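Chemist: The structure file upload.txt (compact mmCIF, C-alpha atoms) is provided below.
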# COMPACT_ATOMS: atom_id res chain seq x y z
CA MET U 1 -19.79 69.45 -109.67
CA GLN U 2 -19.14 69.27 -105.92
CA THR U 3 -18.08 66.00 -104.36
CA ASN U 4 -20.24 64.64 -101.57
CA ILE U 5 -17.58 65.38 -98.95
CA ALA U 6 -17.48 68.98 -100.20
CA ILE U 7 -21.28 69.21 -99.85
CA LEU U 8 -21.04 67.78 -96.33
CA LYS U 9 -18.33 70.28 -95.44
CA THR U 10 -20.35 73.20 -96.82
CA TRP U 11 -23.38 72.25 -94.75
CA THR U 12 -21.26 71.66 -91.67
CA PHE U 13 -19.87 75.19 -91.97
CA ASN U 14 -23.34 76.66 -92.63
CA ILE U 15 -24.98 74.97 -89.65
CA LEU U 16 -22.18 75.72 -87.19
CA GLU U 17 -22.15 79.35 -88.23
CA GLU U 18 -25.93 79.77 -88.15
CA MET U 19 -26.61 77.89 -84.93
CA CYS U 20 -23.41 78.34 -82.95
CA PHE U 21 -21.76 81.44 -84.46
CA LEU U 22 -18.61 79.41 -85.06
CA LEU U 23 -16.61 80.08 -88.22
CA PRO U 24 -14.09 78.02 -90.15
CA THR U 25 -10.47 79.01 -89.63
CA GLU U 26 -7.16 78.18 -91.24
CA PRO U 27 -5.30 75.30 -89.59
CA GLU U 28 -3.15 76.44 -86.73
CA ASP U 29 0.52 75.65 -86.96
CA THR U 30 0.24 73.07 -84.22
CA LEU U 31 0.20 69.33 -84.13
CA TYR U 32 -3.09 67.65 -83.50
CA ASN U 33 -4.42 64.16 -83.52
CA PRO U 34 -7.65 63.89 -85.52
CA ARG U 35 -8.46 60.77 -83.53
CA GLU U 36 -8.78 62.77 -80.32
CA GLY U 37 -12.29 63.98 -79.83
CA ILE U 38 -15.88 62.87 -79.66
CA THR U 39 -17.28 61.02 -82.66
CA VAL U 40 -20.94 61.03 -83.67
CA LYS U 41 -22.21 58.49 -86.18
CA ILE U 42 -25.39 59.00 -88.19
CA GLN U 43 -26.71 57.06 -91.17
CA ALA U 44 -28.96 58.10 -94.04
CA GLY U 45 -30.72 54.85 -94.81
CA ASN U 46 -28.34 52.48 -96.59
CA PHE U 47 -26.94 55.32 -98.67
CA PHE U 48 -24.48 57.16 -96.46
CA THR U 49 -22.85 56.93 -93.07
CA VAL U 50 -21.50 60.20 -91.69
CA TYR U 51 -18.95 60.39 -88.87
CA LEU U 52 -18.17 63.74 -87.28
CA THR U 53 -15.26 63.84 -84.82
CA PHE U 54 -15.35 67.05 -82.81
CA ALA U 55 -12.35 68.22 -80.79
CA LYS U 56 -13.45 68.31 -77.15
CA ALA U 57 -12.98 72.06 -76.91
CA LEU U 58 -15.09 72.53 -80.04
CA SER U 59 -17.88 70.31 -78.70
CA HIS U 60 -18.03 72.46 -75.55
CA GLU U 61 -18.16 75.66 -77.62
CA ILE U 62 -20.97 74.21 -79.73
CA ALA U 63 -23.01 73.38 -76.63
CA SER U 64 -22.37 76.70 -74.95
CA ASN U 65 -23.09 78.83 -78.03
CA SER U 66 -26.14 76.95 -79.26
CA LEU U 67 -27.76 76.93 -75.82
CA GLY U 68 -26.68 80.44 -74.89
CA LEU U 69 -25.30 79.21 -71.58
CA PRO U 70 -21.93 79.86 -69.95
CA ALA U 71 -19.44 77.00 -70.14
CA GLU U 72 -19.68 76.27 -66.41
CA GLU U 73 -23.40 75.49 -66.76
CA ILE U 74 -22.88 72.93 -69.51
CA SER U 75 -22.87 69.30 -68.37
CA GLU U 76 -21.27 66.48 -70.32
CA GLU U 77 -24.77 65.23 -71.12
CA LEU U 78 -25.66 68.56 -72.70
CA VAL U 79 -22.41 68.56 -74.69
CA HIS U 80 -23.25 65.13 -76.08
CA SER U 81 -26.85 66.13 -76.76
CA SER U 82 -25.72 69.30 -78.55
CA ILE U 83 -23.25 67.62 -80.88
CA LYS U 84 -25.72 64.83 -81.63
CA GLU U 85 -28.29 67.48 -82.57
CA MET U 86 -25.72 69.28 -84.75
CA ALA U 87 -24.90 65.97 -86.46
CA ASN U 88 -28.62 65.40 -87.03
CA ILE U 89 -29.10 68.83 -88.59
CA ILE U 90 -25.92 68.60 -90.69
CA ALA U 91 -26.80 65.12 -91.96
CA GLY U 92 -30.42 66.13 -92.62
CA ASN U 93 -29.37 69.09 -94.71
CA PHE U 94 -26.72 66.98 -96.47
CA MET U 95 -29.46 64.45 -97.28
CA ASN U 96 -31.66 67.23 -98.67
CA ALA U 97 -28.78 68.61 -100.76
CA THR U 98 -27.95 65.22 -102.26
CA ASN U 99 -31.61 64.52 -103.09
CA LEU U 100 -31.79 61.16 -101.39
CA PRO U 101 -35.12 59.38 -101.93
CA ALA U 102 -37.75 59.70 -99.22
CA VAL U 103 -37.23 56.06 -98.19
CA ALA U 104 -33.83 57.06 -96.77
CA HIS U 105 -34.42 57.95 -93.14
CA LEU U 106 -31.86 59.38 -90.80
CA SER U 107 -30.82 57.16 -87.94
CA ILE U 108 -30.68 58.43 -84.38
CA PRO U 109 -27.24 60.04 -83.93
CA LYS U 110 -24.97 57.95 -81.76
CA ILE U 111 -21.90 58.88 -79.75
CA LEU U 112 -19.31 56.18 -80.29
CA ASP U 113 -18.08 54.80 -77.00
CA GLY U 114 -14.42 54.31 -76.38
CA GLY U 115 -13.22 57.23 -78.45
CA PRO U 116 -13.04 57.74 -82.20
CA PRO U 117 -12.77 54.49 -84.11
CA THR U 118 -10.67 53.67 -87.11
CA ILE U 119 -13.24 54.03 -89.84
CA LYS U 120 -12.90 51.86 -92.91
CA ALA U 121 -15.05 51.30 -95.96
CA ASP U 122 -16.22 47.79 -96.71
CA ALA U 123 -16.48 46.24 -100.15
CA GLY U 124 -18.92 48.22 -102.30
CA GLU U 125 -18.42 51.36 -100.25
CA SER U 126 -16.41 54.49 -100.94
CA TYR U 127 -14.57 56.47 -98.30
CA GLU U 128 -13.91 60.21 -98.17
CA SER U 129 -12.62 62.22 -95.26
CA GLU U 130 -11.38 65.68 -94.50
CA THR U 131 -10.17 67.60 -91.48
CA CYS U 132 -11.25 71.20 -91.22
CA PHE U 133 -10.86 73.77 -88.47
CA ILE U 134 -13.65 75.61 -86.71
CA ASN U 135 -12.62 78.45 -84.45
CA ASN U 136 -9.13 76.90 -84.52
CA HIS U 137 -10.34 73.48 -83.31
CA PRO U 138 -10.16 70.42 -85.55
CA LEU U 139 -13.30 68.76 -86.85
CA HIS U 140 -12.87 65.55 -88.79
CA LEU U 141 -15.52 64.60 -91.36
CA THR U 142 -15.80 61.09 -92.73
CA LEU U 143 -18.34 59.98 -95.31
CA ILE U 144 -18.93 56.35 -96.26
CA GLU U 145 -21.08 55.93 -99.33
CA ASN U 146 -22.73 52.69 -100.33
CA GLU U 147 -22.12 52.40 -104.06
CA ALA U 148 -24.50 49.50 -104.61
CA MET L 1 -55.53 83.99 -73.27
CA GLU L 2 -52.56 81.76 -72.49
CA TYR L 3 -51.74 78.49 -74.18
CA ASN L 4 -50.33 75.11 -73.28
CA VAL L 5 -47.53 74.09 -75.64
CA ILE L 6 -45.74 70.74 -75.80
CA ILE L 7 -42.29 70.33 -77.36
CA VAL L 8 -41.49 66.82 -78.54
CA ASP L 9 -37.83 66.19 -79.34
CA ASP L 10 -35.39 63.51 -78.21
CA SER L 11 -32.60 66.06 -77.94
CA PRO L 12 -32.49 67.80 -74.53
CA SER L 13 -30.43 70.59 -76.09
CA MET L 14 -33.00 71.23 -78.82
CA ARG L 15 -35.81 71.21 -76.24
CA LYS L 16 -33.87 73.82 -74.25
CA ILE L 17 -33.43 75.95 -77.37
CA MET L 18 -37.13 75.69 -78.22
CA LEU L 19 -38.23 76.49 -74.66
CA LYS L 20 -35.98 79.53 -74.58
CA THR L 21 -37.13 80.67 -78.01
CA ILE L 22 -40.80 80.43 -77.11
CA ARG L 23 -40.38 82.11 -73.73
CA MET L 24 -38.48 85.01 -75.30
CA SER L 25 -40.93 85.39 -78.17
CA GLY L 26 -43.57 86.91 -75.93
CA PHE L 27 -46.13 84.33 -77.04
CA PRO L 28 -48.62 83.92 -74.17
CA VAL L 29 -47.76 80.53 -72.68
CA LYS L 30 -49.44 79.00 -69.65
CA ASN L 31 -47.56 75.69 -69.55
CA LEU L 32 -44.59 74.51 -71.60
CA LEU L 33 -44.47 70.73 -71.57
CA GLU L 34 -41.68 68.51 -72.85
CA ALA L 35 -41.53 64.95 -74.16
CA GLU L 36 -38.62 63.05 -75.62
CA ASN L 37 -40.57 60.91 -78.09
CA GLY L 38 -44.04 60.44 -79.55
CA GLU L 39 -45.11 57.85 -77.01
CA GLU L 40 -44.29 60.07 -74.03
CA ALA L 41 -45.96 62.99 -75.79
CA LEU L 42 -49.17 61.01 -76.33
CA ASP L 43 -49.30 60.21 -72.61
CA LYS L 44 -48.78 63.84 -71.68
CA CYS L 45 -51.38 65.05 -74.19
CA GLN L 46 -53.90 62.66 -72.68
CA GLU L 47 -53.09 63.73 -69.12
CA SER L 48 -53.41 67.46 -69.72
CA TRP L 49 -54.82 69.62 -72.47
CA VAL L 50 -52.40 71.11 -74.98
CA ASP L 51 -53.18 73.86 -77.49
CA ILE L 52 -50.17 73.44 -79.78
CA ILE L 53 -47.82 70.54 -80.46
CA ILE L 54 -44.30 71.17 -81.77
CA THR L 55 -42.57 67.95 -82.78
CA ASP L 56 -39.41 66.62 -84.34
CA ILE L 57 -39.62 63.73 -86.81
CA ASN L 58 -36.49 61.70 -86.17
CA MET L 59 -36.93 60.23 -82.66
CA PRO L 60 -36.54 56.80 -81.07
CA VAL L 61 -39.44 54.71 -79.65
CA MET L 62 -42.15 56.54 -81.63
CA ASP L 63 -41.09 58.97 -84.34
CA GLY L 64 -42.86 62.20 -85.23
CA LEU L 65 -44.91 60.86 -88.15
CA GLN L 66 -46.14 57.87 -86.11
CA PHE L 67 -47.04 60.26 -83.30
CA ILE L 68 -49.03 62.47 -85.68
CA GLU L 69 -50.86 59.41 -87.05
CA HIS L 70 -51.87 58.51 -83.48
CA LEU L 71 -53.08 62.07 -82.90
CA GLN L 72 -55.20 61.96 -86.05
CA ARG L 73 -56.95 58.82 -84.83
CA ASP L 74 -57.78 60.38 -81.47
CA GLU L 75 -61.23 61.97 -81.37
CA VAL L 76 -60.06 64.80 -79.12
CA LEU L 77 -56.41 65.35 -80.05
CA HIS L 78 -56.90 65.32 -83.82
CA SER L 79 -57.95 68.98 -83.66
CA VAL L 80 -54.76 70.18 -81.93
CA PRO L 81 -52.50 72.04 -84.40
CA VAL L 82 -49.15 70.33 -85.02
CA VAL L 83 -45.95 72.08 -86.10
CA VAL L 84 -43.06 69.93 -87.29
CA VAL L 85 -39.49 71.13 -86.79
CA SER L 86 -37.08 68.81 -88.59
CA SER L 87 -33.77 68.78 -90.41
CA ASP L 88 -35.36 66.62 -93.12
CA GLY L 89 -36.60 69.11 -95.69
CA ARG L 90 -37.24 66.75 -98.60
CA GLU L 91 -40.44 67.52 -100.45
CA PRO L 92 -42.03 64.01 -100.22
CA VAL L 93 -41.49 63.99 -96.44
CA ILE L 94 -43.04 67.45 -96.08
CA GLU L 95 -45.97 66.38 -98.28
CA LYS L 96 -46.54 63.28 -96.18
CA ALA L 97 -46.55 65.35 -93.00
CA LYS L 98 -49.05 67.78 -94.51
CA THR L 99 -51.37 65.00 -95.62
CA LEU L 100 -51.39 63.90 -91.97
CA GLY L 101 -52.67 67.34 -91.00
CA VAL L 102 -49.49 69.15 -89.99
CA VAL L 103 -50.16 72.89 -90.17
CA GLN L 104 -46.55 74.05 -90.48
CA TYR L 105 -43.28 72.32 -91.36
CA LEU L 106 -40.15 74.19 -90.31
CA LYS L 107 -36.71 73.12 -91.36
CA LYS L 108 -33.76 73.15 -88.98
CA PRO L 109 -31.86 75.36 -88.59
CA PHE L 110 -34.60 77.92 -88.06
CA GLN L 111 -34.67 81.53 -87.01
CA PRO L 112 -36.22 82.12 -83.56
CA GLU L 113 -38.48 84.77 -85.09
CA THR L 114 -39.97 82.11 -87.36
CA ILE L 115 -41.24 80.04 -84.43
CA ALA L 116 -42.84 83.13 -82.91
CA GLU L 117 -44.50 84.05 -86.20
CA VAL L 118 -45.82 80.54 -86.73
CA LEU L 119 -47.33 80.32 -83.24
CA LYS L 120 -48.90 83.71 -83.67
CA GLU L 121 -50.38 82.77 -87.02
CA ILE L 122 -51.77 79.45 -85.81
CA MET L 123 -53.44 80.90 -82.76
CA GLY L 124 -54.67 83.96 -84.63
CA HIS L 125 -52.78 86.37 -82.42
CA GLU L 126 -51.90 89.78 -83.73
CA ASN L 127 -51.21 91.69 -80.56
CA TYR L 128 -49.03 89.68 -78.26
CA ALA L 129 -45.88 91.44 -77.14
CA ASN L 130 -43.22 91.16 -79.77
CA GLU L 131 -40.14 91.11 -77.62
CA TYR L 132 -37.78 90.24 -80.41
CA SER L 133 -36.92 93.88 -80.85
CA ASN L 134 -35.38 93.61 -77.37
CA THR L 135 -33.57 90.32 -77.81
CA GLU L 136 -30.35 91.37 -79.46
CA ASP L 137 -28.47 89.11 -77.07
CA LEU L 138 -30.56 86.07 -78.01
CA ASP L 139 -28.07 83.44 -79.03
CA PHE L 140 -30.42 81.22 -80.93
So that I can check it, write out the structure of this file as structure tokens.
Modeler:
Amino acid sequence: MQTNIAILKTWTFNILEEMCFLLPTEPEDTLYNPREGITVKIQAGNFFTVYLTFAKALSHEIASNSLGLPAEEISEELVHSSIKEMANIIAGNFMNATNLPAVAHLSIPKILDGGPPTIKADAGESYESETCFINNHPLHLTLIENEA
Amino acid sequence: MEYNVIIVDDSPSMRKIMLKTIRMSGFPVKNLLEAENGEEALDKCQESWVDIIITDINMPVMDGLQFIEHLQRDEVLHSVPVVVVSSDGREPVIEKAKTLGVVQYLKKPFQPETIAEVLKEIMGHENYANEYSNTEDLDF
């Protein structure tokens, strides 16, 4: 049986491939800081909170590929809008795959100001995270599950 | 005949994708309107006639299901066909949308061809130019 973080990762790969033509790659032999990037937070009711931290270069590729526009025509606002929409679609499909009850509604995706936060689980919550690479750029997935 | 279509989605990037998809589909469009939530869409639908409404569900201010409920209570707008495009594909949510009169529920991500087919089916069009055979460079 797949863990929830594995399900989230699968859907992240599926959506980024289908909508942005971006494929997972093996980690490059370079140092990176998973805390550098743009983080989107989205909640599925009180059940899950998903954080996606996109490397800046990856967020620009997502915007450019999904909109079919050259990089020079992509504003910062469109980059933010594109990765929020990706987070919405990824979390929606994750919610479908984990059969959450209909009362669990997705929150509006939010870009976290001030850079990626240090994400911690509170009491009664579990924490899973994983860094993967998309087109050689890091993407950090964090899943907080309310166990109550 | 050309149609007025409104796209209701809080994401500017998704609205851009939808606008591009519809324009490239060859579906005969007179005006493509945009709104970023249900409340803004209601205002626009009351200001000018729309033939088809394409809406997201998960939006701030007034979400898609609230918007559709308002449409159903309106003596004029209740007859306008509504297509939902949402990442939430859970069966109870789809059922609720259909009980509110939604004619089609598409799950994101979607294929551009699907939008074209749905619009064609709703408006009963068989002969509009199918330009998808010439859209190999269509990115989404």
Chemist: What is the atom CA of U:Asn93-atom CA of U:Pro138 distance in Å, reported with one decimal?
Modeler: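 These two atoms are separated by 21.3 Å.
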Chemist: Counting all atoms listed in the file, which residues of chain L come no farther than 7 Å from chain U, as a list in words?
Modeler: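 Within 7 Å of chain U on chain L, we get Ser11, Pro12, Ser13, Ile17, Asn58, Met59, Pro60, Ser87, Asp88, Gly89, Arg90, Pro92, Val93, Lys108, Pro109, Asp139 and Phe140 of chain L.
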Chemist: Distance atom CA of L:Tyr3-atom CA of L:Val61, one decimal place?
Modeler: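 Computed distance, atom CA of L:Tyr3 to atom CA of L:Val61, equals 27.3 Å.
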Chemist: Restricting the calculation to all atoms listed in the file, which member of U:Ala44, U:Leu58, U:Ala87, U:Ala121 is positioned closest to U:Trp11?
Modeler: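 That would be U:Ala87, the residue with the smallest distance to U:Trp11.
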Chemist: Taking all atoms listed in the file into account, which of L:Glu36, L:Glu121, L:Asp56, L:Asp74 comes nearest L:Ala97?
Modeler: L:Asp56
Chemist: Atom CA of L:Thr21 to atom CA of L:Ser79: how many Å, to one decimal?
Modeler: 24.5 Å
Chemist: Might you pull out every residue within 10 Å of U:His140, with only C-alpha atoms counted and same-chain residues fewer than 6 positions away left off, and present them as a CSV table (one decimal) with C-alpha atoms, keeping the file's coordinate frame?
Modeler:
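Result saved to result31.csv:
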chain,number,residue,atom,x,y,z
U,9,LYS,CA,-18.3,70.3,-95.4
U,34,PRO,CA,-7.6,63.9,-85.5
U,35,ARG,CA,-8.5,60.8,-83.5
U,36,GLU,CA,-8.8,62.8,-80.3
U,37,GLY,CA,-12.3,64.0,-79.8
U,38,ILE,CA,-15.9,62.9,-79.7
U,39,THR,CA,-17.3,61.0,-82.7
U,51,TYR,CA,-19.0,60.4,-88.9
U,52,LEU,CA,-18.2,63.7,-87.3
U,53,THR,CA,-15.3,63.8,-84.8
U,54,PHE,CA,-15.4,67.0,-82.8
U,55,ALA,CA,-12.4,68.2,-80.8
U,129,SER,CA,-12.6,62.2,-95.3
U,130,GLU,CA,-11.4,65.7,-94.5
U,131,THR,CA,-10.2,67.6,-91.5
U,132,CYS,CA,-11.2,71.2,-91.2
U,133,PHE,CA,-10.9,73.8,-88.5
Chemist: Please list as a PyMOL selection string every residue within 8 Å of L:Glu113, counting all atoms listed in the file and excluding residues in the same chain fewer than 2 positions away.
Modeler: chain L and resi 25+111+115-117+132
Chemist: Smallest atom-to-atom distance to U:His137: which of U:Gln43, U:Thr49, U:Ser75, U:Thr25, using all atoms listed in the file?
Modeler: U:Thr25
Chemist: For U:Ile42, which residue among U:Lys56, U:Thr98, U:Leu141, U:Asn136 is the nearest when counting all atoms listed in the file?
Modeler: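 Under the stated criterion, the closest residue is U:Leu141.
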